[in-house]
Amino acid sequence: MPKTKFKARRLAFIGAGYVGLVSGTALAEIGHTVILVDNNKEKIAKLKKGEIPIFEPGLEDLVKKNVKAKRLSFTTSLPDGVKQSEVIFIAVHTPPQADGKADLSFVAGAAREIAEVADNYKVVVDKSTVPVQTGERVAETIARYNKKGIDFDVVSNPEFLREGSAIDDFLNSDRIVVGVENKRAEKIMREIYAPIDAPFIVTDVKSAELIKHASNSFLAMKISFANALARICELSGANIDQVVEGMGDDHRIGPHFLQAGVGYGGSCFPKDVSAFIAIADELGYKFDLLKAVEQVNADACDLFLEKIKEALWVTRGKKIAMWGLAFKPNTDDMRNAPSIKIVEALNAQGATIQAYDPEATDTAKLVLGDKVEYMSSKDAALRDADALIIVTDWDEFKKPDWEKVHKLLNSPIVIDGRNMYQPKEMEKLGFVYHSVGRG
Ligand SMILES: NC(=O)c1ccc[n+]([C@@H]2O[C@H](COP(=O)([O-])OP(=O)(O)OC[C@H]3O[C@@H](n4cnc5c(N)ncnc54)[C@H](O)[C@@H]3O)[C@@H](O)[C@H]2O)c1
């Protein structure tokens, strides 16, 4: 198929969160005129002042550059955003409900608001992660609430960026997935993405929706597989590092997402796995494989807590230094971070926690409040602590000054939930060292 020619378009993003802000900015960078709409007034006020509400490497410069070039703007007015745009991306959150299902009220709300103000042909692109068949509901909603009877297309364009490397992931994607129901929408989507050199996969809308849930669930499954393997390594005396290295060199398996540890967290995997189980259930399929993925993940965190307890004997009254709060490095995102469960469990056992995270302190405060003493450096967190636990594998924690760590800690115990260090070396340095799946 010949490469489609780029056509600069006027795009709106409903939702200026991690996905809306990054993908909207990246699409402005490749030449489109993008208006980011968010009903969070504070967020838009910050963006208008040039302040970036999230920590994402490289984003600030790119936002500033595109605002200056007049390709990127912000508003709280959805009608303004919709009226001046041909293509409207829905990038609102789809959080989990108590029963595991995705809460689609923000998607439904955005679709309705778009419908109420749209007065000519629009392409409405769902970028939020949604269960299969949501596109049909979005189309029904637009048809129902648009009194002018406009012509429109609903497209599914799932987003695969990772927080921490989001801009690069977007501009150098492994693939772009676009689910369409006709050639007109396909052509517009091809033109939008033309400058991005990545395989362009066109499917029907439902298949595109499924690709996103399937991809995230598959990656979560790899992590749980590694965690289950780590258990067998511990029970048998084998070493998980060696096992996954030997597996990962097989190109059919690949080395990624095979790191054993405290389990996956974040705003995507936990909610997408549970939403996938829920939609499968609704459709009449019991996705037991994914239920096991969830169980292994919960067990990984519990096991880490057991290791802390085992190492400290009694946790009540102990002071624990914690390195890392964010669910992974290079982000300040605390949504479903394993640190939350760990802090709450240790708190309930009567321990106090001195935590340090290079970027997530402010977001952690919103979730954990005074359950943690927030420290300004990794050294400060160590002072008088009875053990050090590693929860997020930030680069800053890779090569600490171990002599200093030894000196600052009350007792030289390190419980590493991310397998950052080598057991033999730690032993040589005089530490009691526990990690995951290494004999
Ligand atoms: N965060 C990620 O790494 C990531 C990656 C891929 C896909 N996704 C998916 O993308 C979607 C968005 O995720 P996120 O992390 O960007 O969420 P987010 O919570 O950071 O951002 C969502 C934004 O939408 C705004 N919003 C909600 N309803 C609105 C409305 N009616 N009008 C205007 N603004 C509205 C909220 O105020 C918020 O700022 C989710 O479905 C998520 O699963 C996220």
# chains A, B, ... in the order shown; residues from 1 in each chain; ligands from 1

$ select_by_dssp --residues "range 116-146 of chain A" --states "alpha helix (DSSP H)" --output "list of chain:residue names"
A:Glu116, A:Val117, A:Thr134, A:Gly135, A:Glu136, A:Arg137, A:Val138, A:Ala139, A:Glu140, A:Thr141, A:Ile142, A:Ala143, A:Arg144, A:Tyr145

$ residues_around --residues "Val432 in chain A" --least-positions-apart "6" --cutoff "7 Å" --atoms "only C-alpha atoms" --output "list in words"
Pro412, Ile413 and Val414 of chain A

$ write_last_selection --atoms "N, CA and C atoms" --output "PDB file, in the first residue's frame"
ATOM      1  N   PRO A 412      21.863  -3.821  59.176  1.00  0.00           N
ATOM      2  CA  PRO A 412      22.112  -3.883  57.730  1.00  0.00           C
ATOM      3  C   PRO A 412      21.237  -4.919  57.002  1.00  0.00           C
ATOM      4  N   ILE A 413      19.935  -4.639  57.027  1.00  0.00           N
ATOM      5  CA  ILE A 413      19.010  -5.570  56.366  1.00  0.00           C
ATOM      6  C   ILE A 413      18.420  -4.886  55.131  1.00  0.00           C
ATOM      7  N   VAL A 414      18.504  -5.552  53.979  1.00  0.00           N
ATOM      8  CA  VAL A 414      17.934  -4.997  52.744  1.00  0.00           C
ATOM      9  C   VAL A 414      16.981  -6.029  52.157  1.00  0.00           C
TER      10      VAL A 414
END

$ residues_near_ligand --ligand "ligand 1" --cutoff "7 Å" --atoms "only C-alpha atoms and all ligand atoms" --output "JSON, numbers by chain"
{"A": [14, 15, 16, 17, 18, 19, 20, 37, 38, 39, 40, 78, 91, 92, 93, 94, 106, 109, 110, 127, 128, 129, 130, 158, 159, 160, 161, 162, 163, 267, 268]}

$ residues_around --residues "Asp370 in chain A" --least-positions-apart "3" --cutoff "12 Å" --atoms "only C-alpha atoms" --output "number ranges by chain"
A: 343-344, 347, 352-355, 361, 364-367, 373-374

$ closest_residue --among "A:Asp151, A:Ala275, A:Lys206, A:Asn66" --to "Leu104 in chain A" --atoms "only C-alpha atoms"
A:Ala275

$ closest_residue --among "A:Ile176, A:Ala214, A:Leu229, A:Leu62" --to "Ile201 in chain A" --atoms "only C-alpha atoms"
A:Ile176

$ closest_residue --among "A:Lys341, A:Lys428, A:Lys271, A:Lys187" --to "Glu403 in chain A" --atoms "only C-alpha atoms"
A:Lys428

$ residues_around --residues "Glu56 in chain A" --least-positions-apart "5" --cutoff "10 Å" --atoms "only C-alpha atoms" --output "NGL selection string"
:A and (18 or 22 or 163-167 or 330-333 or 359)

$ write_last_selection --atoms "N, CA and C atoms" --output "PDB file, in the first residue's frame"
ATOM      1  N   TYR A  18      -2.504  11.857  31.388  1.00  0.00           N
ATOM      2  CA  TYR A  18      -1.257  11.286  30.857  1.00  0.00           C
ATOM      3  C   TYR A  18      -1.381  11.056  29.346  1.00  0.00           C
ATOM      4  N   VAL A  22       0.051  13.788  26.499  1.00  0.00           N
ATOM      5  CA  VAL A  22       1.211  13.302  25.731  1.00  0.00           C
ATOM      6  C   VAL A  22       0.836  13.120  24.257  1.00  0.00           C
ATOM      7  N   GLU A 163       4.057   5.290  30.640  1.00  0.00           N
ATOM      8  CA  GLU A 163       4.491   6.445  31.419  1.00  0.00           C
ATOM      9  C   GLU A 163       5.997   6.308  31.660  1.00  0.00           C
ATOM     10  N   GLY A 164       6.695   7.429  31.606  1.00  0.00           N
ATOM     11  CA  GLY A 164       8.143   7.388  31.823  1.00  0.00           C
ATOM     12  C   GLY A 164       8.903   7.457  30.504  1.00  0.00           C
ATOM     13  N   SER A 165       8.286   6.934  29.432  1.00  0.00           N
ATOM     14  CA  SER A 165       8.923   7.030  28.101  1.00  0.00           C
ATOM     15  C   SER A 165       7.839   7.311  27.077  1.00  0.00           C
ATOM     16  N   ALA A 166       6.825   8.075  27.524  1.00  0.00           N
ATOM     17  CA  ALA A 166       5.587   8.212  26.760  1.00  0.00           C
ATOM     18  C   ALA A 166       5.767   8.908  25.413  1.00  0.00           C
ATOM     19  N   ILE A 167       6.578   9.954  25.373  1.00  0.00           N
ATOM     20  CA  ILE A 167       6.696  10.709  24.121  1.00  0.00           C
ATOM     21  C   ILE A 167       7.380   9.852  23.065  1.00  0.00           C
ATOM     22  N   ASN A 330      10.595   6.639  36.701  1.00  0.00           N
ATOM     23  CA  ASN A 330      10.373   7.690  35.705  1.00  0.00           C
ATOM     24  C   ASN A 330       8.942   8.174  35.606  1.00  0.00           C
ATOM     25  N   THR A 331       8.175   7.976  36.645  1.00  0.00           N
ATOM     26  CA  THR A 331       6.833   8.542  36.686  1.00  0.00           C
ATOM     27  C   THR A 331       6.520   8.948  38.119  1.00  0.00           C
ATOM     28  N   ASP A 332       5.522   9.844  38.244  1.00  0.00           N
ATOM     29  CA  ASP A 332       5.053  10.179  39.595  1.00  0.00           C
ATOM     30  C   ASP A 332       3.686   9.536  39.836  1.00  0.00           C
ATOM     31  N   ASP A 333       3.311   8.615  38.973  1.00  0.00           N
ATOM     32  CA  ASP A 333       1.980   8.005  39.064  1.00  0.00           C
ATOM     33  C   ASP A 333       1.931   7.013  40.222  1.00  0.00           C
ATOM     34  N   GLU A 359      10.406  11.412  42.469  1.00  0.00           N
ATOM     35  CA  GLU A 359       9.384  12.248  41.833  1.00  0.00           C
ATOM     36  C   GLU A 359       7.982  12.126  42.405  1.00  0.00           C
TER      37      GLU A 359
END

$ closest_residue --among "A:Glu191, A:Lys148, A:Gly135, A:Lys49" --to "Val87 in chain A" --atoms "only C-alpha atoms"
A:Glu191

$ residues_around --residues "Glu42 in chain A" --least-positions-apart "4" --cutoff "10 Å" --atoms "only C-alpha atoms" --output "mmCIF file with C-alpha atoms, in the first residue's frame"
data_model
loop_
_atom_site.group_PDB
_atom_site.id
_atom_site.type_symbol
_atom_site.label_atom_id
_atom_site.label_comp_id
_atom_site.auth_asym_id
_atom_site.auth_seq_id
_atom_site.Cartn_x
_atom_site.Cartn_y
_atom_site.Cartn_z
ATOM 1 C CA ASP A 38 -10.190 19.100 30.350
ATOM 2 C CA LYS A 46 -1.526 25.154 35.118
ATOM 3 C CA LEU A 47 -1.080 24.164 31.480
ATOM 4 C CA LYS A 48 -1.938 27.677 30.338
ATOM 5 C CA PRO A 53 0.723 18.731 35.934
ATOM 6 C CA THR A 76 -12.009 23.878 29.850
#

$ atom_distance --atom1 "CA of Glu396 in chain A" --atom2 "CA of Asn297 in chain A"
25.7 Å

$ select_by_dssp --residues "range 106-330 of chain A" --states "strand (DSSP E or B)" --output "JSON, numbers by chain"
{"A": [122, 123, 124, 125, 126, 152, 153, 154, 155, 156, 176, 177, 178, 179, 200, 201, 202, 203, 239, 319, 320, 321, 322, 323]}

$ residues_around --residues "Leu429 in chain A" --least-positions-apart "3" --cutoff "9 Å" --atoms "only C-alpha atoms" --output "MDAnalysis selection string"
chainID A and resid 402:403 406 424:426

$ write_last_selection --atoms "C-alpha atoms" --output "mmCIF file, in the first residue's frame"
data_model
loop_
_atom_site.group_PDB
_atom_site.id
_atom_site.type_symbol
_atom_site.label_atom_id
_atom_site.label_comp_id
_atom_site.auth_asym_id
_atom_site.auth_seq_id
_atom_site.Cartn_x
_atom_site.Cartn_y
_atom_site.Cartn_z
ATOM 1 C CA TRP A 402 26.846 0.860 50.371
ATOM 2 C CA GLU A 403 29.299 1.892 53.051
ATOM 3 C CA HIS A 406 25.507 0.392 56.181
ATOM 4 C CA LYS A 424 26.673 -12.517 46.685
ATOM 5 C CA GLU A 425 27.935 -8.934 46.502
ATOM 6 C CA MET A 426 25.465 -7.797 49.137
#

$ residues_around --residues "Lys101 in chain A" --least-positions-apart "3" --cutoff "6 Å" --atoms "only C-alpha atoms" --output "PDB file with C-alpha atoms, in the first residue's frame"
ATOM      1  CA  PRO A  96     -12.062   0.246  37.748  1.00  0.00           C
ATOM      2  CA  GLN A  97     -15.317  -0.196  39.639  1.00  0.00           C
ATOM      3  CA  ALA A 275     -11.953  -5.189  33.108  1.00  0.00           C
ATOM      4  CA  ALA A 278     -15.353  -8.750  33.546  1.00  0.00           C
TER       5      ALA A 278
END

$ closest_residue --among "A:Met334, A:Lys319, A:Ser73, A:Gly439" --to "Asp384 in chain A" --atoms "only C-alpha atoms"
A:Lys319

$ closest_residue --among "A:Ile196, A:Ala228, A:Ala321, A:Ala311" --to "Lys3 in chain A" --atoms "only C-alpha atoms"
A:Ile196

$ decode --residues "range 11-25 of chain A" --atoms "N, CA and C atoms" --output "mmCIF file, in the first residue's frame"
data_model
loop_
_atom_site.group_PDB
_atom_site.id
_atom_site.type_symbol
_atom_site.label_atom_id
_atom_site.label_comp_id
_atom_site.auth_asym_id
_atom_site.auth_seq_id
_atom_site.Cartn_x
_atom_site.Cartn_y
_atom_site.Cartn_z
ATOM 1 N N LEU A 11 -7.437 18.970 15.617
ATOM 2 C CA LEU A 11 -7.785 17.850 16.497
ATOM 3 C C LEU A 11 -8.135 18.367 17.887
ATOM 4 N N ALA A 12 -9.095 17.696 18.517
ATOM 5 C CA ALA A 12 -9.378 18.001 19.934
ATOM 6 C C ALA A 12 -9.165 16.737 20.740
ATOM 7 N N PHE A 13 -8.656 16.925 21.945
ATOM 8 C CA PHE A 13 -8.554 15.806 22.896
ATOM 9 C C PHE A 13 -9.452 16.112 24.080
ATOM 10 N N ILE A 14 -10.376 15.230 24.388
ATOM 11 C CA ILE A 14 -11.193 15.388 25.594
ATOM 12 C C ILE A 14 -10.485 14.581 26.675
ATOM 13 N N GLY A 15 -9.901 15.314 27.637
ATOM 14 C CA GLY A 15 -9.070 14.668 28.659
ATOM 15 C C GLY A 15 -7.616 15.019 28.404
ATOM 16 N N ALA A 16 -7.038 15.801 29.325
ATOM 17 C CA ALA A 16 -5.630 16.197 29.193
ATOM 18 C C ALA A 16 -4.828 15.539 30.304
ATOM 19 N N GLY A 17 -5.048 14.245 30.516
ATOM 20 C CA GLY A 17 -4.290 13.488 31.506
ATOM 21 C C GLY A 17 -3.013 12.951 30.867
ATOM 22 N N TYR A 18 -2.504 11.857 31.388
ATOM 23 C CA TYR A 18 -1.257 11.286 30.857
ATOM 24 C C TYR A 18 -1.381 11.056 29.346
ATOM 25 N N VAL A 19 -2.475 10.416 28.942
ATOM 26 C CA VAL A 19 -2.610 10.047 27.533
ATOM 27 C C VAL A 19 -2.974 11.242 26.663
ATOM 28 N N GLY A 20 -3.976 12.026 27.100
ATOM 29 C CA GLY A 20 -4.397 13.165 26.288
ATOM 30 C C GLY A 20 -3.282 14.175 26.126
ATOM 31 N N LEU A 21 -2.587 14.477 27.219
ATOM 32 C CA LEU A 21 -1.544 15.493 27.164
ATOM 33 C C LEU A 21 -0.363 15.029 26.307
ATOM 34 N N VAL A 22 0.051 13.788 26.499
ATOM 35 C CA VAL A 22 1.211 13.302 25.731
ATOM 36 C C VAL A 22 0.836 13.120 24.257
ATOM 37 N N SER A 23 -0.263 12.424 23.985
ATOM 38 C CA SER A 23 -0.543 12.159 22.570
ATOM 39 C C SER A 23 -0.971 13.427 21.852
ATOM 40 N N GLY A 24 -1.712 14.313 22.553
ATOM 41 C CA GLY A 24 -2.086 15.571 21.916
ATOM 42 C C GLY A 24 -0.858 16.405 21.574
ATOM 43 N N THR A 25 0.085 16.463 22.519
ATOM 44 C CA THR A 25 1.308 17.240 22.285
ATOM 45 C C THR A 25 2.116 16.617 21.143
#
